[in-house]
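Text of start34.cif (mmCIF, C-alpha atoms) as supplied:
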data_start
loop_
_atom_site.group_PDB
_atom_site.id
_atom_site.type_symbol
_atom_site.label_atom_id
_atom_site.label_comp_id
_atom_site.auth_asym_id
_atom_site.auth_seq_id
_atom_site.Cartn_x
_atom_site.Cartn_y
_atom_site.Cartn_z
ATOM 1 C CA MET A 16 -9.970 8.629 35.906
ATOM 2 C CA LEU A 17 -11.951 8.395 32.686
ATOM 3 C CA THR A 18 -15.666 8.972 32.938
ATOM 4 C CA ASP A 19 -18.057 6.592 31.215
ATOM 5 C CA LEU A 20 -18.673 9.234 28.550
ATOM 6 C CA ASP A 21 -14.921 9.604 28.024
ATOM 7 C CA LEU A 22 -14.598 5.856 27.512
ATOM 8 C CA VAL A 23 -17.416 5.771 24.967
ATOM 9 C CA ALA A 24 -15.850 8.717 23.108
ATOM 10 C CA LEU A 25 -12.439 7.041 23.008
ATOM 11 C CA ASP A 26 -13.987 3.794 21.797
ATOM 12 C CA ALA A 27 -15.668 5.800 19.029
ATOM 13 C CA GLU A 28 -12.289 7.258 18.053
ATOM 14 C CA ALA A 29 -10.891 3.750 17.577
ATOM 15 C CA VAL A 30 -13.928 2.564 15.644
ATOM 16 C CA ARG A 31 -13.979 5.593 13.345
ATOM 17 C CA ALA A 32 -10.296 5.087 12.590
ATOM 18 C CA SER A 33 -11.095 1.542 11.491
ATOM 19 C CA VAL A 34 -13.934 2.769 9.263
ATOM 20 C CA ALA A 35 -11.672 5.312 7.558
ATOM 21 C CA LEU A 36 -9.022 2.658 6.927
ATOM 22 C CA VAL A 37 -11.425 0.038 5.592
ATOM 23 C CA ALA A 38 -12.800 2.660 3.207
ATOM 24 C CA ARG A 39 -9.349 2.870 1.599
ATOM 25 C CA ALA A 40 -9.183 -0.818 0.697
ATOM 26 C CA THR A 41 -9.599 -1.723 -2.964
ATOM 27 C CA PRO A 42 -11.274 -4.951 -4.131
ATOM 28 C CA ALA A 43 -7.821 -6.415 -4.806
ATOM 29 C CA ASP A 44 -6.716 -5.595 -1.247
ATOM 30 C CA LEU A 45 -9.395 -7.859 0.236
ATOM 31 C CA ALA A 46 -7.303 -10.961 -0.519
ATOM 32 C CA LEU A 47 -4.202 -9.623 1.262
ATOM 33 C CA PRO A 48 -2.829 -11.402 4.347
ATOM 34 C CA THR A 49 -3.168 -9.525 7.629
ATOM 35 C CA PRO A 50 -1.284 -9.560 10.946
ATOM 36 C CA CYS A 51 -4.009 -12.001 12.073
ATOM 37 C CA PRO A 52 -2.703 -15.168 10.373
ATOM 38 C CA ASP A 53 -6.096 -16.845 10.081
ATOM 39 C CA TRP A 54 -7.656 -13.991 8.105
ATOM 40 C CA THR A 55 -7.290 -12.211 4.818
ATOM 41 C CA LEU A 56 -8.392 -8.587 4.900
ATOM 42 C CA HIS A 57 -11.881 -9.654 3.804
ATOM 43 C CA GLY A 58 -12.034 -12.162 6.649
ATOM 44 C CA LEU A 59 -10.778 -9.600 9.142
ATOM 45 C CA ILE A 60 -13.365 -7.022 8.095
ATOM 46 C CA THR A 61 -16.079 -9.690 8.328
ATOM 47 C CA HIS A 62 -14.949 -10.495 11.873
ATOM 48 C CA MET A 63 -14.789 -6.825 12.848
ATOM 49 C CA ALA A 64 -18.333 -6.187 11.616
ATOM 50 C CA ALA A 65 -19.654 -9.252 13.450
ATOM 51 C CA GLN A 66 -18.077 -8.058 16.686
ATOM 52 C CA HIS A 67 -19.749 -4.665 16.316
ATOM 53 C CA TYR A 68 -23.156 -6.284 15.978
ATOM 54 C CA GLY A 69 -22.447 -8.615 18.881
ATOM 55 C CA PHE A 70 -21.378 -5.822 21.228
ATOM 56 C CA ALA A 71 -24.338 -3.686 20.139
ATOM 57 C CA ALA A 72 -26.716 -6.510 21.053
ATOM 58 C CA ALA A 73 -24.896 -7.070 24.352
ATOM 59 C CA SER A 74 -25.312 -3.409 25.268
ATOM 60 C CA ALA A 75 -29.076 -3.996 25.236
ATOM 61 C CA GLY A 76 -28.762 -7.157 27.345
ATOM 62 C CA ASP A 77 -29.155 -9.544 24.396
ATOM 63 C CA GLY A 78 -26.944 -12.559 24.992
ATOM 64 C CA ASP A 79 -27.993 -14.591 21.945
ATOM 65 C CA PRO A 80 -24.792 -16.080 20.416
ATOM 66 C CA ALA A 81 -26.389 -15.714 16.972
ATOM 67 C CA ARG A 82 -25.835 -11.941 17.230
ATOM 68 C CA TRP A 83 -22.089 -12.616 16.928
ATOM 69 C CA ARG A 84 -22.225 -14.690 13.780
ATOM 70 C CA PRO A 85 -20.417 -13.271 10.742
ATOM 71 C CA ARG A 86 -22.589 -11.707 8.056
ATOM 72 C CA ARG A 87 -21.844 -11.423 4.363
ATOM 73 C CA LEU A 88 -20.281 -8.108 3.441
ATOM 74 C CA GLY A 89 -21.914 -8.082 0.009
ATOM 75 C CA GLY A 90 -20.730 -6.072 -2.954
ATOM 76 C CA ASP A 91 -19.599 -3.056 -0.931
ATOM 77 C CA PRO A 92 -17.594 -4.291 2.072
ATOM 78 C CA ALA A 93 -16.665 -0.773 3.186
ATOM 79 C CA ALA A 94 -20.313 0.300 3.335
ATOM 80 C CA ALA A 95 -21.305 -2.905 5.122
ATOM 81 C CA TYR A 96 -18.546 -2.366 7.648
ATOM 82 C CA ALA A 97 -19.478 1.299 8.175
ATOM 83 C CA ALA A 98 -23.089 0.245 8.867
ATOM 84 C CA ALA A 99 -21.917 -2.220 11.515
ATOM 85 C CA ALA A 100 -19.737 0.469 13.099
ATOM 86 C CA ASP A 101 -22.634 2.945 13.165
ATOM 87 C CA THR A 102 -24.745 0.322 14.923
ATOM 88 C CA VAL A 103 -22.323 -0.200 17.792
ATOM 89 C CA LEU A 104 -21.529 3.512 18.163
ATOM 90 C CA ALA A 105 -25.235 4.310 18.505
ATOM 91 C CA ALA A 106 -25.716 1.430 20.941
ATOM 92 C CA PHE A 107 -22.885 2.518 23.232
ATOM 93 C CA ALA A 108 -24.087 6.137 23.193
ATOM 94 C CA ALA A 109 -27.655 5.242 24.233
ATOM 95 C CA ASP A 110 -29.016 6.445 27.562
ATOM 96 C CA GLY A 111 -28.529 4.096 30.476
ATOM 97 C CA VAL A 112 -25.836 1.886 28.916
ATOM 98 C CA ALA A 113 -23.281 2.661 31.633
ATOM 99 C CA GLY A 114 -25.418 0.947 34.281
ATOM 100 C CA ARG A 115 -25.966 -2.281 32.369
ATOM 101 C CA ARG A 116 -24.188 -5.606 32.235
ATOM 102 C CA PHE A 117 -23.118 -6.923 28.855
ATOM 103 C CA PRO A 118 -23.566 -10.645 28.129
ATOM 104 C CA LEU A 119 -20.594 -11.636 25.963
ATOM 105 C CA PRO A 120 -21.162 -15.212 24.789
ATOM 106 C CA ASP A 121 -18.384 -14.839 22.242
ATOM 107 C CA PHE A 122 -15.960 -14.686 25.193
ATOM 108 C CA ALA A 123 -17.422 -17.678 27.081
ATOM 109 C CA ALA A 124 -20.816 -19.266 27.599
ATOM 110 C CA GLY A 125 -22.661 -17.303 30.276
ATOM 111 C CA ALA A 126 -20.003 -14.569 30.446
ATOM 112 C CA SER A 127 -21.265 -11.182 31.573
ATOM 113 C CA PHE A 128 -19.363 -7.972 32.302
ATOM 114 C CA PRO A 129 -20.105 -4.469 33.595
ATOM 115 C CA ALA A 130 -20.568 -1.955 30.783
ATOM 116 C CA ARG A 131 -17.340 -0.129 31.496
ATOM 117 C CA GLN A 132 -15.268 -3.296 31.272
ATOM 118 C CA ALA A 133 -17.068 -4.549 28.153
ATOM 119 C CA ILE A 134 -16.629 -1.236 26.342
ATOM 120 C CA SER A 135 -12.941 -1.248 27.263
ATOM 121 C CA PHE A 136 -12.643 -4.685 25.620
ATOM 122 C CA HIS A 137 -14.212 -3.288 22.461
ATOM 123 C CA LEU A 138 -11.959 -0.224 22.586
ATOM 124 C CA VAL A 139 -8.721 -2.199 22.725
ATOM 125 C CA ASP A 140 -9.937 -4.539 19.979
ATOM 126 C CA TYR A 141 -10.475 -1.630 17.603
ATOM 127 C CA VAL A 142 -7.158 -0.024 18.385
ATOM 128 C CA ALA A 143 -5.635 -3.374 17.416
ATOM 129 C CA HIS A 144 -7.863 -4.001 14.409
ATOM 130 C CA SER A 145 -7.331 -0.476 13.065
ATOM 131 C CA TRP A 146 -3.602 -1.190 13.253
ATOM 132 C CA ASP A 147 -4.168 -4.558 11.543
ATOM 133 C CA VAL A 148 -5.970 -2.920 8.617
ATOM 134 C CA ALA A 149 -3.451 -0.092 8.368
ATOM 135 C CA ARG A 150 -0.467 -2.463 8.245
ATOM 136 C CA THR A 151 -2.221 -4.693 5.717
ATOM 137 C CA LEU A 152 -2.701 -1.678 3.442
ATOM 138 C CA GLY A 153 0.754 -0.242 4.052
ATOM 139 C CA LEU A 154 -0.726 2.781 5.850
ATOM 140 C CA GLN A 155 -0.179 4.490 9.187
ATOM 141 C CA VAL A 156 -2.773 4.869 11.914
ATOM 142 C CA ARG A 157 -2.500 7.429 14.702
ATOM 143 C CA PHE A 158 -4.514 7.672 17.893
ATOM 144 C CA SER A 159 -4.793 10.321 20.554
ATOM 145 C CA PRO A 160 -2.569 9.907 23.626
ATOM 146 C CA GLN A 161 -5.753 9.595 25.698
ATOM 147 C CA LEU A 162 -6.957 6.618 23.651
ATOM 148 C CA LEU A 163 -3.624 4.823 23.901
ATOM 149 C CA ALA A 164 -3.440 5.541 27.638
ATOM 150 C CA ALA A 165 -6.852 3.883 28.015
ATOM 151 C CA ALA A 166 -5.998 0.931 25.770
ATOM 152 C CA LEU A 167 -2.615 -0.047 27.199
ATOM 153 C CA PRO A 168 -3.696 -1.241 30.668
ATOM 154 C CA VAL A 169 -6.533 -3.232 29.102
ATOM 155 C CA ALA A 170 -4.103 -4.900 26.703
ATOM 156 C CA LEU A 171 -1.644 -5.644 29.509
ATOM 157 C CA ALA A 172 -4.422 -7.209 31.596
ATOM 158 C CA VAL A 173 -5.331 -9.820 28.961
ATOM 159 C CA PRO A 174 -4.489 -13.205 30.515
ATOM 160 C CA GLY A 175 -1.413 -14.938 29.145
ATOM 161 C CA GLY A 176 -0.352 -18.559 29.427
ATOM 162 C CA GLY A 177 -1.299 -21.615 27.429
ATOM 163 C CA ALA A 178 -4.745 -20.306 26.524
ATOM 164 C CA ARG A 179 -3.109 -18.039 23.971
ATOM 165 C CA LEU A 180 -1.684 -21.062 22.173
ATOM 166 C CA ALA A 181 -5.040 -22.843 21.841
ATOM 167 C CA PRO A 182 -6.689 -23.102 18.405
ATOM 168 C CA GLY A 183 -8.922 -20.090 17.825
ATOM 169 C CA ALA A 184 -7.352 -18.068 20.658
ATOM 170 C CA ALA A 185 -8.255 -14.384 20.442
ATOM 171 C CA PHE A 186 -4.638 -13.324 20.970
ATOM 172 C CA ALA A 187 -1.235 -14.900 20.360
ATOM 173 C CA PRO A 188 1.347 -14.838 23.168
ATOM 174 C CA ALA A 189 2.616 -11.357 23.972
ATOM 175 C CA VAL A 190 5.825 -10.180 22.356
ATOM 176 C CA THR A 191 8.372 -7.724 23.724
ATOM 177 C CA ALA A 192 8.105 -4.026 22.967
ATOM 178 C CA ALA A 193 9.479 -2.584 26.209
ATOM 179 C CA GLY A 194 10.192 1.119 25.904
ATOM 180 C CA GLY A 195 8.529 1.349 22.496
ATOM 181 C CA PRO A 196 5.793 3.814 21.569
ATOM 182 C CA PRO A 197 2.464 3.237 23.348
ATOM 183 C CA LEU A 198 0.779 1.827 20.231
ATOM 184 C CA ASP A 199 3.596 -0.702 19.784
ATOM 185 C CA GLN A 200 3.193 -1.711 23.418
ATOM 186 C CA VAL A 201 -0.546 -2.268 22.964
ATOM 187 C CA ILE A 202 0.013 -4.300 19.819
ATOM 188 C CA ALA A 203 2.808 -6.372 21.375
ATOM 189 C CA ALA A 204 0.759 -7.108 24.502
ATOM 190 C CA LEU A 205 -1.931 -8.548 22.231
ATOM 191 C CA GLY A 206 0.525 -10.872 20.515
ATOM 192 C CA ARG A 207 1.237 -8.954 17.320
ATOM 193 C CA ASP A 208 4.677 -8.029 16.038
ATOM 194 C CA PRO A 209 4.869 -4.206 15.900
ATOM 195 C CA GLY A 210 7.274 -4.560 12.983
ATOM 196 C CA TRP A 211 4.871 -6.619 10.848
ATOM 197 C CA ARG A 212 4.610 -5.585 7.200
ATOM 198 C CA SER A 213 2.372 -6.996 4.481
ATOM 199 C CA PRO A 214 4.420 -9.602 2.571
ATOM 200 C CA ALA A 215 2.523 -8.857 -0.630
ATOM 201 C CA ARG A 216 3.143 -5.122 -0.393
ATOM 202 C CA ALA A 217 6.786 -5.618 0.565
ATOM 203 C CA ALA A 218 7.300 -7.837 -2.485
ATOM 204 C CA ALA A 219 5.627 -5.287 -4.728
ATOM 205 C CA ALA A 220 7.811 -2.509 -3.360
ATOM 206 C CA GLY A 221 10.923 -4.612 -3.915
ATOM 207 C CA ALA A 222 9.943 -5.257 -7.533
ATOM 208 C CA ALA A 223 9.351 -1.589 -8.322
ATOM 209 C CA PRO A 224 11.999 0.029 -10.560
#
Could you spell out this file's structure in C-alpha cells?
Amino acid sequence: MLTDLDLVALDAEAVRASVALVARATPADLALPTPCPDWTLHGLITHMAAQHYGFAAASAGDGDPARWRPRRLGGDPAAAYAAAADTVLAAFAADGVAGRRFPLPDFAAGASFPARQAISFHLVDYVAHSWDVARTLGLQVRFSPQLLAAALPVALAVPGGGARLAPGAAFAPAVTAAGGPPLDQVIAALGRDPGWRSPARAAAAGAAP
C-alpha cells in the first residue's frame, strides 16, 4: 500500500509532467482545441492553474470557493502555470497535511475529504490533464508504472451514470479501453478517447508535402 509520502511524490510526478508540457506550448498553440471539448489549450491551462490554487487552499483547511476561481495567465502562461504548480506542490508537502481534511467546494457545496482521498483526486486529474496537453500539442507523455497503478483505481471509482451527461460535468461517460495500456485505461475511464488527436495538427500534417 502506498504511504502518504508516496502519494504526494506520485502526485508531484503528474504535476511536473504537466508543467514540462505546458512549457512547450507556443503562443499559437494556445488557441488549439483540446480533448476537453469546452476548452482551448489556453482555457485548459487556466483551469489547471485554478485547480492547483484551489487544492493548495484546501490543504490548509480553506474552503472559500473564491480560491478556485480562474485567474488570468498574463503574458507568460507557462510561467503563470508553473507558479500555480509550485504552490500546490509546496502545500501538499507541508508538515501535517496527511492528517487534515480538505474542503473541496468545487466538487460540491460543503464537500470535505480526507487528505489521502483529496490528493488522489488531484493526482488522477493531472495524469489526465498532462495527457490532454500532450495530445493537443502532438506530443507523448509517459508516467512511471507506480503513478499509473495509483491513478487507475481512482479513475475507475469515479461515479458514472447521468451525472456525466449534465452540463459542466467534470468527466464525460467512460469509453472502452479494456486490455489497453494503463494510461489508456485511465483516460478512457475519465471519458476521453485514447485515440484522440488534435484536428488542427492532423490537418497540418496532411497538408505537408
Atom-to-atom span, CA of Pro196 in chain A and CA of Ala133 in chain A, Å
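So the answer is 25.2 Å.
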Kindly indicate which residue among A:Gln155, A:Asp147, A:Glu28, A:Leu171 lies nearest to Asp208 in chain A, using only C-alpha atoms for the distances.
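Using only C-alpha atoms, Asp208 in chain A sits closest to A:Asp147.
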When distances are computed from only C-alpha atoms, which of A:Ala73, A:Ala98, A:Met63, A:Cys51 shows the smallest separation from Ala126 in chain A?
A:Ala73
For Arg31 in chain A: contacts at 12 Å, only C-alpha atoms, fewer than 5 positions along chain excluded, given as a PDB file with C-alpha atoms, keeping the file's coordinate frame:
ATOM      1  CA  ALA A  24     -15.850   8.717  23.108  1.00  0.00           C
ATOM      2  CA  LEU A  25     -12.439   7.041  23.008  1.00  0.00           C
ATOM      3  CA  ASP A  26     -13.987   3.794  21.797  1.00  0.00           C
ATOM      4  CA  LEU A  36      -9.022   2.658   6.927  1.00  0.00           C
ATOM      5  CA  VAL A  37     -11.425   0.038   5.592  1.00  0.00           C
ATOM      6  CA  ALA A  38     -12.800   2.660   3.207  1.00  0.00           C
ATOM      7  CA  TYR A  96     -18.546  -2.366   7.648  1.00  0.00           C
ATOM      8  CA  ALA A  97     -19.478   1.299   8.175  1.00  0.00           C
ATOM      9  CA  ALA A  98     -23.089   0.245   8.867  1.00  0.00           C
ATOM     10  CA  ALA A  99     -21.917  -2.220  11.515  1.00  0.00           C
ATOM     11  CA  ALA A 100     -19.737   0.469  13.099  1.00  0.00           C
ATOM     12  CA  ASP A 101     -22.634   2.945  13.165  1.00  0.00           C
ATOM     13  CA  VAL A 103     -22.323  -0.200  17.792  1.00  0.00           C
ATOM     14  CA  LEU A 104     -21.529   3.512  18.163  1.00  0.00           C
ATOM     15  CA  LEU A 138     -11.959  -0.224  22.586  1.00  0.00           C
ATOM     16  CA  TYR A 141     -10.475  -1.630  17.603  1.00  0.00           C
ATOM     17  CA  VAL A 142      -7.158  -0.024  18.385  1.00  0.00           C
ATOM     18  CA  HIS A 144      -7.863  -4.001  14.409  1.00  0.00           C
ATOM     19  CA  SER A 145      -7.331  -0.476  13.065  1.00  0.00           C
ATOM     20  CA  VAL A 156      -2.773   4.869  11.914  1.00  0.00           C
ATOM     21  CA  ARG A 157      -2.500   7.429  14.702  1.00  0.00           C
ATOM     22  CA  PHE A 158      -4.514   7.672  17.893  1.00  0.00           C
TER      23      PHE A 158
END
Hey, could you pull the box centre and edge lengths for range 17-32 of chain A, axis-aligned, 5 Å padding per side, all listed atoms, to one decimal in Å, as JSON?
{"center_x": -14.5, "center_y": 6.1, "center_z": 22.8, "size_x": 18.4, "size_y": 17.0, "size_z": 30.3}
CA of Gly78 in chain A sits from CA of Pro118 in chain A at a separation of 5.0 Å
Point-to-point distance from CA of Thr18 in chain A to CA of Val148 in chain A, Å rounded to tenths
28.8 Å
Selection under test: the PyMOL selection byres ((chain A and resi 211) around 12); residues as a PyMOL selection string:
chain A and resi 48-52+146-153+199+202-203+206-210+212-217
From A:Gly76, A:Gly69, A:Gly114, A:Gly58, residue lying nearest His137 in chain A [all atoms listed in the file]:
A:Gly69
Is it possible to get the residues within 12 Å of (-5.1, -7.3, 32.1) (coordinates as in the file, counting only C-alpha atoms) written as number ranges by chain?
A: 132, 135-136, 139, 166-175, 189, 201, 204-205
Would you mind exporting C-alpha atoms of the selected residues as a CSV table (one decimal), in the frame of the given file?
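The file below, result-v8.csv, is the result:
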chain,number,residue,atom,x,y,z
A,132,GLN,CA,-15.3,-3.3,31.3
A,135,SER,CA,-12.9,-1.2,27.3
A,136,PHE,CA,-12.6,-4.7,25.6
A,139,VAL,CA,-8.7,-2.2,22.7
A,166,ALA,CA,-6.0,0.9,25.8
A,167,LEU,CA,-2.6,0.0,27.2
A,168,PRO,CA,-3.7,-1.2,30.7
A,169,VAL,CA,-6.5,-3.2,29.1
A,170,ALA,CA,-4.1,-4.9,26.7
A,171,LEU,CA,-1.6,-5.6,29.5
A,172,ALA,CA,-4.4,-7.2,31.6
A,173,VAL,CA,-5.3,-9.8,29.0
A,174,PRO,CA,-4.5,-13.2,30.5
A,175,GLY,CA,-1.4,-14.9,29.1
A,189,ALA,CA,2.6,-11.4,24.0
A,201,VAL,CA,-0.5,-2.3,23.0
A,204,ALA,CA,0.8,-7.1,24.5
A,205,LEU,CA,-1.9,-8.5,22.2
Excluding Ala109 in chain A and residues on its chain fewer than 2 positions from it, collect all residues at most 12 Å away from it, counting only C-alpha atoms, and give them as a list of chain:residue names.
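Once the adjacent positions are removed, what remains is A:Asp19, A:Leu20, A:Val23, A:Ala71, A:Ser74, A:Ala75, A:Thr102, A:Val103, A:Leu104, A:Ala105, A:Ala106, A:Phe107, A:Gly111, A:Val112, A:Ala113, A:Gly114, A:Arg115.
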May I ask which of the residues A:Leu88, A:Ala29, A:Leu22, A:Phe128 is the closest one to Ala165 in chain A, counting only C-alpha atoms?
A:Leu22
From A:Ala130, A:Leu119, A:Ala143, A:Leu154, residue lying nearest Trp83 in chain A [only C-alpha atoms]
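When distances to Trp83 in chain A are compared using only C-alpha atoms, the smallest one comes from A:Leu119.
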Around (-15.7, -3.7, -2.9) in the file's frame, which residues reach within 10 Å when counting all atoms listed in the file? Return as a short mmCIF file (atom, residue, chain, number, x, y, z; two decimals) with C-alpha atoms, in the frame of the given file?
data_model
loop_
_atom_site.label_atom_id
_atom_site.label_comp_id
_atom_site.auth_asym_id
_atom_site.auth_seq_id
_atom_site.Cartn_x
_atom_site.Cartn_y
_atom_site.Cartn_z
CA ALA A 38 -12.80 2.66 3.21
CA ALA A 40 -9.18 -0.82 0.70
CA THR A 41 -9.60 -1.72 -2.96
CA PRO A 42 -11.27 -4.95 -4.13
CA ALA A 43 -7.82 -6.42 -4.81
CA ASP A 44 -6.72 -5.60 -1.25
CA LEU A 45 -9.40 -7.86 0.24
CA HIS A 57 -11.88 -9.65 3.80
CA LEU A 88 -20.28 -8.11 3.44
CA GLY A 89 -21.91 -8.08 0.01
CA GLY A 90 -20.73 -6.07 -2.95
CA ASP A 91 -19.60 -3.06 -0.93
CA PRO A 92 -17.59 -4.29 2.07
CA ALA A 93 -16.66 -0.77 3.19
CA ALA A 94 -20.31 0.30 3.34
CA ALA A 95 -21.30 -2.90 5.12
#
Give the answer as one residue: which of A:Trp54, A:Tyr68, A:Gly194, A:Ile134 has the shortest atom-to-atom distance to Ala108 in chain A, using all atoms listed in the file?
A:Ile134
